[in-house]
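Source file: run.txt. Holds: compact mmCIF, C-alpha atoms and all ligand atoms.
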# COMPACT_ATOMS: atom_id res chain seq x y z
CA MET A 1 0.00 0.00 0.00
CA THR A 2 1.47 3.40 -0.91
CA ASN A 3 1.18 6.42 1.32
CA GLU A 4 -1.35 7.90 -1.13
CA ASN A 5 -3.64 4.90 -0.49
CA LEU A 6 -3.59 5.15 3.29
CA PRO A 7 -6.83 6.19 4.95
CA GLU A 8 -6.87 9.96 5.63
CA GLY A 9 -6.04 9.68 9.35
CA GLY A 10 -3.21 7.21 8.60
CA ARG A 11 -1.68 9.51 6.01
CA ALA A 12 -1.89 12.43 8.43
CA LEU A 13 0.13 10.42 10.95
CA VAL A 14 2.73 9.46 8.32
CA ASP A 15 3.06 13.10 7.24
CA ALA A 16 3.39 14.19 10.87
CA TRP A 17 6.08 11.57 11.53
CA VAL A 18 8.09 12.52 8.41
CA ASN A 19 7.92 16.19 9.37
CA ALA A 20 8.79 15.52 13.02
CA VAL A 21 11.97 13.69 11.97
CA ALA A 22 12.99 16.63 9.75
CA TRP A 23 12.24 19.37 12.28
CA ASN A 24 13.74 17.49 15.24
CA SER A 25 16.91 17.18 13.12
CA ILE A 26 16.86 20.92 12.44
CA ALA A 27 16.50 21.52 16.19
CA ALA A 28 19.40 19.14 16.94
CA GLN A 29 21.68 21.50 15.03
CA GLN A 30 21.25 23.94 17.92
CA PRO A 31 20.76 22.03 21.18
CA PRO A 32 18.80 23.67 24.03
CA GLY A 33 21.13 25.98 25.94
CA ALA A 34 23.27 26.78 22.89
CA GLY A 35 21.44 30.04 22.27
CA PRO A 36 20.62 32.88 24.67
CA PRO A 37 18.87 31.55 27.81
CA GLN A 38 15.87 33.76 27.29
CA ALA A 39 14.95 35.34 23.99
CA ALA A 40 13.19 38.66 23.58
CA VAL A 41 9.53 38.40 22.71
CA PRO A 42 8.98 39.88 19.23
CA GLU A 43 7.15 43.20 19.11
CA VAL A 44 5.29 42.39 15.90
CA ILE A 45 4.07 39.34 14.06
CA GLU A 46 5.90 38.73 10.81
CA TRP A 47 3.40 36.76 8.73
CA THR A 48 5.81 36.06 5.90
CA CYS A 49 9.48 35.15 5.70
CA TRP A 50 10.12 38.64 4.29
CA PRO A 51 10.22 40.98 7.30
CA GLY A 52 8.01 44.04 6.86
CA HIS A 53 5.98 42.39 4.07
CA GLY A 54 2.50 41.14 4.86
CA PRO A 55 -0.33 42.29 7.10
CA GLY A 56 0.46 43.70 10.52
CA SER A 57 -0.01 42.09 13.92
CA ALA A 58 -3.63 43.32 14.02
CA PHE A 59 -4.50 40.66 11.41
CA LEU A 60 -4.83 38.26 14.34
CA GLY A 61 -7.49 40.37 16.04
CA ALA A 62 -7.76 41.00 19.77
CA LEU A 63 -5.70 38.71 22.01
CA THR A 64 -6.24 40.14 25.49
CA GLY A 65 -8.05 37.64 27.68
CA ARG A 66 -8.36 35.14 24.81
CA ARG A 67 -7.48 31.47 24.55
CA VAL A 68 -5.03 31.17 21.67
CA ALA A 69 -3.23 28.24 20.01
CA GLU A 70 -0.40 28.38 17.49
CA LEU A 71 -0.23 25.25 15.32
CA GLY A 72 3.35 24.46 14.34
CA CYS A 73 4.90 27.04 16.67
CA GLY A 74 8.52 25.97 16.15
CA THR A 75 10.73 27.78 18.65
CA GLY A 76 7.80 29.70 20.03
CA GLU A 77 8.26 33.38 19.13
CA HIS A 78 4.70 33.98 18.06
CA THR A 79 3.12 32.01 20.89
CA ALA A 80 5.20 34.16 23.24
CA TYR A 81 3.95 37.25 21.38
CA ALA A 82 0.33 36.17 22.02
CA ALA A 83 1.07 35.68 25.72
CA ALA A 84 2.80 39.07 25.94
CA CYS A 85 -0.30 40.64 24.36
CA GLY A 86 -2.35 39.43 27.32
CA ALA A 87 -3.78 36.11 26.08
CA ARG A 88 -5.39 34.22 28.97
CA LEU A 89 -3.86 31.02 27.59
CA ALA A 90 -1.30 30.78 24.77
CA ILE A 91 -0.72 27.20 23.63
CA GLY A 92 2.21 26.46 21.34
CA VAL A 93 1.74 23.15 19.50
CA ASP A 94 4.49 21.46 17.50
CA VAL A 95 5.02 17.94 16.23
CA ALA A 96 8.78 18.19 16.88
CA GLY A 97 9.50 17.82 20.59
CA ALA A 98 13.05 19.14 20.20
CA ARG A 99 11.70 22.41 18.76
CA LEU A 100 9.45 22.77 21.80
CA GLN A 101 12.41 22.15 24.14
CA GLN A 102 13.98 25.19 22.51
CA ALA A 103 10.71 27.14 22.85
CA ARG A 104 10.56 26.25 26.56
CA ALA A 105 14.15 27.31 27.10
CA ARG A 106 13.50 30.61 25.36
CA PHE A 107 10.03 31.57 26.56
CA GLY A 108 8.80 28.98 29.05
CA VAL A 109 8.83 31.41 31.95
CA LEU A 110 6.06 33.55 30.49
CA PRO A 111 2.81 33.18 32.41
CA ALA A 112 -0.11 31.77 30.41
CA VAL A 113 2.14 29.83 28.00
CA VAL A 114 1.75 26.08 27.55
CA TRP A 115 3.70 23.90 25.10
CA LYS A 116 2.17 20.71 23.63
CA THR A 117 4.02 18.17 21.51
CA GLY A 118 2.19 16.28 18.76
CA ASP A 119 0.41 16.51 15.45
CA ALA A 120 -1.76 19.64 15.46
CA ALA A 121 -5.03 17.80 14.73
CA GLU A 122 -4.38 15.24 17.48
CA VAL A 123 -3.39 17.82 20.08
CA LEU A 124 -6.19 20.23 19.17
CA ALA A 125 -8.84 17.59 19.73
CA ALA A 126 -7.92 17.53 23.44
CA LEU A 127 -7.68 21.31 23.97
CA PRO A 128 -10.27 23.60 25.54
CA ARG A 129 -12.35 25.70 23.14
CA LEU A 130 -10.29 28.49 21.59
CA ASP A 131 -10.90 32.10 20.58
CA VAL A 132 -8.00 32.24 18.14
CA CYS A 133 -6.00 29.66 16.20
CA PHE A 134 -3.04 30.71 14.11
CA SER A 135 -0.20 29.21 12.15
CA ILE A 136 2.71 30.79 10.28
CA TYR A 137 4.10 28.31 7.77
CA GLY A 138 3.12 25.76 10.43
CA ALA A 139 0.65 22.88 10.59
CA LEU A 140 -1.65 24.27 7.87
CA TRP A 141 1.29 24.20 5.51
CA TYR A 142 2.68 20.83 6.61
CA SER A 143 -0.46 18.74 7.11
CA ASP A 144 -3.53 18.03 5.03
CA PRO A 145 -5.98 20.92 5.48
CA ALA A 146 -8.90 18.65 4.57
CA HIS A 147 -8.06 16.75 7.77
CA LEU A 148 -6.98 19.66 9.98
CA LEU A 149 -9.52 22.40 9.14
CA PRO A 150 -12.56 20.46 10.45
CA VAL A 151 -10.72 19.85 13.73
CA ILE A 152 -9.89 23.56 13.99
CA HIS A 153 -13.56 24.36 13.35
CA SER A 154 -14.59 22.00 16.14
CA ARG A 155 -12.20 23.58 18.66
CA LEU A 156 -12.88 27.25 17.81
CA LYS A 157 -15.64 28.96 19.74
CA PRO A 158 -18.44 30.38 17.58
CA GLY A 159 -17.03 33.63 16.18
CA GLY A 160 -13.47 32.38 16.72
CA ILE A 161 -10.68 33.39 14.36
CA LEU A 162 -8.27 31.27 12.32
CA ALA A 163 -5.33 33.14 10.74
CA PHE A 164 -2.46 31.48 8.89
CA THR A 165 0.29 31.79 6.32
CA VAL A 166 1.05 29.24 3.60
CA ASN A 167 2.73 29.42 0.23
CA ALA A 168 0.73 29.12 -2.97
CA PRO A 169 2.04 26.62 -5.54
CA CYS A 170 4.97 28.06 -7.51
CA PRO A 171 4.42 28.53 -11.26
CA GLY A 172 4.31 25.11 -12.92
CA GLU A 173 3.76 23.21 -9.64
CA LEU A 174 0.72 21.02 -9.21
CA PRO A 175 -1.41 21.90 -6.18
CA GLY A 176 -1.80 19.51 -3.26
CA ARG A 177 0.56 17.27 -1.33
CA ARG A 178 4.26 17.64 -2.10
CA VAL A 179 7.43 16.11 -0.73
CA ASP A 180 10.38 18.51 -0.61
CA ASN A 181 13.63 18.47 1.30
CA LEU A 182 15.05 20.35 4.26
CA THR A 183 18.82 20.66 4.09
CA LEU A 184 20.76 20.30 7.35
CA SER A 185 23.97 22.21 8.04
CA THR A 186 25.86 18.98 7.24
CA GLY A 187 24.38 19.07 3.74
CA ALA A 188 22.15 16.04 4.49
CA ARG A 189 18.67 16.35 3.01
CA LEU A 190 15.56 15.14 4.80
CA PRO A 191 12.07 14.83 3.30
CA VAL A 192 9.27 17.11 4.45
CA VAL A 193 5.65 16.93 3.35
CA HIS A 194 3.63 20.03 2.70
CA TYR A 195 0.37 21.03 1.04
CA SER A 196 0.00 24.01 -1.28
CA TYR A 197 -3.14 25.44 -2.80
CA ASP A 198 -4.15 28.69 -4.48
CA ALA A 199 -6.36 31.24 -2.73
CA ASP A 200 -9.62 30.00 -4.33
CA THR A 201 -8.98 26.43 -3.23
CA TRP A 202 -8.20 27.60 0.32
CA GLN A 203 -11.50 29.45 0.42
CA ARG A 204 -13.30 26.28 -0.70
CA LEU A 205 -11.52 24.14 1.90
CA ILE A 206 -12.35 26.67 4.62
CA ALA A 207 -16.02 26.77 3.57
CA THR A 208 -16.20 22.96 3.48
CA ALA A 209 -14.95 22.90 7.06
CA GLY A 210 -17.80 25.22 8.10
CA MET A 211 -15.90 28.52 8.33
CA SER A 212 -15.88 31.66 6.20
CA THR A 213 -12.88 33.43 4.73
CA GLN A 214 -12.65 37.07 5.84
CA GLU A 215 -9.50 38.17 4.05
CA VAL A 216 -6.72 36.80 1.87
CA VAL A 217 -3.54 38.89 1.64
CA THR A 218 -1.25 37.89 -1.21
CA VAL A 219 2.44 38.71 -0.78
CA ASP A 220 4.86 38.09 -3.63
CA ASP A 221 8.55 37.50 -2.99
CA PRO A 222 9.95 41.06 -2.81
CA ALA A 223 13.19 39.78 -4.37
CA GLY A 224 11.24 38.80 -7.50
CA GLY A 225 11.45 35.02 -6.92
CA ASP A 226 8.66 32.56 -7.61
CA TYR A 227 7.34 32.33 -4.05
CA ARG A 228 3.93 33.75 -3.19
CA ALA A 229 2.67 33.78 0.40
CA LEU A 230 -1.03 33.69 1.20
CA VAL A 231 -1.99 35.14 4.57
CA ILE A 232 -5.55 34.11 5.28
CA ARG A 233 -8.03 34.99 8.01
CA ALA A 234 -11.20 32.96 8.47
CA GLN A 235 -13.91 32.83 11.09
CA ARG A 236 -16.14 30.20 12.57
CA PRO A 237 -19.64 31.66 12.21
CA ALA A 238 -20.90 33.25 15.40
CA GLU A 239 -24.16 31.29 15.30
CA SER A 240 -22.71 27.78 14.79
CA ARG A 241 -23.34 25.63 17.84
CA LYS A 242 -21.45 22.30 17.52
C1 LIG B 301 8.67 26.44 9.05
S1 LIG B 301 8.49 26.02 10.75
C2 LIG B 301 7.54 27.42 11.30
C3 LIG B 301 7.69 27.67 12.77
C4 LIG B 301 6.99 28.94 13.29
N1 LIG B 301 5.59 28.97 12.96
C5 LIG B 301 7.68 30.19 12.81
O1 LIG B 301 7.02 31.04 12.20
O2 LIG B 301 8.88 30.34 13.08
C6 LIG B 301 7.23 24.73 10.70
C7 LIG B 301 6.93 24.08 12.03
O3 LIG B 301 5.73 23.29 11.89
C8 LIG B 301 5.89 22.11 12.63
N2 LIG B 301 4.94 21.09 12.13
C9 LIG B 301 5.00 20.42 10.94
N3 LIG B 301 3.98 19.57 10.84
C10 LIG B 301 3.23 19.70 11.97
C11 LIG B 301 2.04 19.09 12.46
N4 LIG B 301 1.39 18.17 11.75
N5 LIG B 301 1.56 19.47 13.67
C12 LIG B 301 2.22 20.40 14.41
N6 LIG B 301 3.36 21.00 14.02
C13 LIG B 301 3.85 20.68 12.80
C14 LIG B 301 7.37 21.75 12.42
O4 LIG B 301 7.84 20.84 13.39
C15 LIG B 301 8.02 23.12 12.49
O5 LIG B 301 8.46 23.46 13.79
Would it be possible to restate this file's structure as structure tokens?
Amino acid sequence: MTNENLPEGGRALVDAWVNAVAWNSIAAQQPPGAGPPQAAVPEVIEWTCWPGHGPGSAFLGALTGRRVAELGCGTGEHTAYAAACGARLAIGVDVAGARLQQARARFGVLPAVVWKTGDAAEVLAALPRLDVCFSIYGALWYSDPAHLLPVIHSRLKPGGILAFTVNAPCPGELPGRRVDNLTLSTGARLPVVHYSYDADTWQRLIATAGMSTQEVVTVDDPAGGDYRALVIRAQRPAESRK
């Protein structure tokens, strides 16, 4: 049986495992304690990998007193940002435990911050209801949105916000599931799985999961390369009850 033929939940676990191996290996290049003991919390959210390009921090909406989860938080900067903005609970979720060890070492002392290791869909299912879910080139980029979006819908409170960044397919690339490589500092290459769709397809996926798209900000590579980031905000309808 190929990976493509696995049942949806099985493929999600395979994807999560492949990505955990890659990102734990990235983390192992800088063991906990190698960097500064406590990092500064960023003052703004950078939604794209091009600082200063993309919507501002306000794209996430109000955070004070809210329950917030970041899906694929990596080393935790943006989860820490949410906590520093007054979130009642800021949960950083990442499938790579070694990345979360780094997050803990950098930001673990902040009140209201909790770190959870595991695949975003699995972890989310056991979380309290959330006001805000967000992801910056995180779980919505690295796991199947047809699997993850319905779980996000089920954990968001009515009226809750989902905001995330992904890349659109590059020119000539087919949409959907792709296997690329992460290159370690040794030159070794490790597979990673990600999912890329254009803005219309994202809006369809979001609608199928019971949410509505509020805004899609398109940011093209300022250096003129092929990459195009999509920064998307969606909402669970205020009146939905499940
Ligand atoms: C490109 S990094 C982005 C990290 C962070 N959002 C940032 O902006 O710096 C992607 C992160 O997503 C995590 N990830 C990948 N698949 C995931 C999944 N299924 N569930 C949770 N985290 C996942 C990886 O381990 C990695 O830390």
Near Tyr227 (chain A), counting only C-alpha atoms, which residues have an atom at most 12 Å away, once you skip same-chain residues fewer than 4 positions from it, shown as a PDB file with C-alpha atoms, keeping the file's coordinate frame?
ATOM      1  CA  THR A  48       5.810  36.060   5.900  1.00  0.00           C
ATOM      2  CA  CYS A  49       9.480  35.150   5.700  1.00  0.00           C
ATOM      3  CA  TRP A  50      10.120  38.640   4.290  1.00  0.00           C
ATOM      4  CA  VAL A 166       1.050  29.240   3.600  1.00  0.00           C
ATOM      5  CA  ASN A 167       2.730  29.420   0.230  1.00  0.00           C
ATOM      6  CA  ALA A 168       0.730  29.120  -2.970  1.00  0.00           C
ATOM      7  CA  PRO A 169       2.040  26.620  -5.540  1.00  0.00           C
ATOM      8  CA  CYS A 170       4.970  28.060  -7.510  1.00  0.00           C
ATOM      9  CA  PRO A 171       4.420  28.530 -11.260  1.00  0.00           C
ATOM     10  CA  GLY A 172       4.310  25.110 -12.920  1.00  0.00           C
ATOM     11  CA  GLU A 173       3.760  23.210  -9.640  1.00  0.00           C
ATOM     12  CA  SER A 196       0.000  24.010  -1.280  1.00  0.00           C
ATOM     13  CA  THR A 218      -1.250  37.890  -1.210  1.00  0.00           C
ATOM     14  CA  VAL A 219       2.440  38.710  -0.780  1.00  0.00           C
ATOM     15  CA  ASP A 220       4.860  38.090  -3.630  1.00  0.00           C
ATOM     16  CA  ASP A 221       8.550  37.500  -2.990  1.00  0.00           C
ATOM     17  CA  PRO A 222       9.950  41.060  -2.810  1.00  0.00           C
ATOM     18  CA  ALA A 223      13.190  39.780  -4.370  1.00  0.00           C
TER      19      ALA A 223
END
Original post:
Quick one: residues within 8 Å of region 204-207 of chain A, all atoms listed in the file counted, chain neighbours fewer than 6 positions away excluded, as an NGL selection string?
Top reply: :A and (145-146 or 149 or 213 or 234)
**OP:** One decimal, Å: what's the distance from CA of Val123 (chain A) over to atom C15 of ligand LIG 301 (chain B), could you say?
**Re:**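 That distance, rounded to one decimal, is 14.7 Å.
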**OP:** Grab the CA of Ala188 (chain A) to CA of Ile26 (chain A) distance for me, in Å with one decimal place.
**Re:**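 Taking CA of Ala188 (chain A) and CA of Ile26 (chain A), their separation equals 10.7 Å.
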Subject >> Straight-line distance linking CA of Leu124 (chain A) with CA of Pro191 (chain A), stated in Å to one decimal >> reply: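 Between these atoms lies a distance of 24.8 Å.
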**OP:** Pick out the closest residue to ligand LIG 301 (chain B) from this set: A:Gly224, A:Gly61, A:Gly97, A:Pro128. Count all atoms listed in the file.
**Re:**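 Result for the nearest residue to ligand LIG 301 (chain B): A:Gly97.
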Original post:
Near Phe59 (chain A), within 12 Å and counting all atoms listed in the file, which residues show up once chain neighbours fewer than 6 positions away are dropped, as a PyMOL selection string?
Top reply: chain A and resi 44-47+132+134+161-165+214-217+231-234
**OP:** Please provide as a list in words all residues within 8 Å of region 85-91 of chain A, with the sequence filter that same-chain residues fewer than 6 positions apart are discarded (counting all atoms listed in the file).
**Re:** Leu63, Thr64, Gly65, Arg66, Arg67, Val68, Ala69, Glu70, Thr79, Ala112, Val113, Val114, Trp115 and Lys116 of chain A
Coordinates of box centre and edge lengths for ligand LIG 301 (chain B), 5 Å on every side, axis-aligned, as lines of an AutoDock Vina configuration file:
center_x = 5.1
center_y = 24.6
center_z = 11.7
size_x = 17.5
size_y = 22.9
size_z = 15.4
**OP:** Find the residues with any atom within 12 Å of (-14.9, 26.0, 19.6); use all atoms listed in the file and the coordinates as given in the file, and write the answer as a count of residues only.
**Re:** 36
Original post:
Closest to ligand LIG 301 (chain B) among A:Ala98, A:Val18, A:Ala105, A:Ile136, using only C-alpha atoms and all ligand atoms?
Top reply: A:Ile136
Original post:
Ala12 (chain A): which residues within 8 Å, counting all atoms listed in the file, same-chain residues fewer than 6 positions away excluded, as a PyMOL selection string?
Top reply: chain A and resi 143-144+147
Based on the selection just made, write C-alpha atoms of those residues as a CSV table (one decimal), keeping the file's coordinate frame.
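part06.csv, freshly written:
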chain,number,residue,atom,x,y,z
A,143,SER,CA,-0.5,18.7,7.1
A,144,ASP,CA,-3.5,18.0,5.0
A,147,HIS,CA,-8.1,16.8,7.8
**OP:** Counting all atoms listed in the file, figure out which residue out of A:Tyr81, A:Trp202, A:Phe107, A:Tyr142 gets nearest to ligand LIG 301 (chain B).
**Re:** A:Tyr142
Original post:
Which one is closest to ligand LIG 301 (chain B): A:Arg106, A:Arg178, A:Arg189, A:Arg99? Count all atoms listed in the file.
Top reply: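 Using all atoms listed in the file, ligand LIG 301 (chain B) sits closest to A:Arg99.
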**OP:** Find, counting all atoms listed in the file, the residue in A:Gly52, A:Gly10, A:Gly118, A:Gly108 that gets nearest to ligand LIG 301 (chain B).
**Re:**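 Closest to ligand LIG 301 (chain B) of all the choices is A:Gly118.
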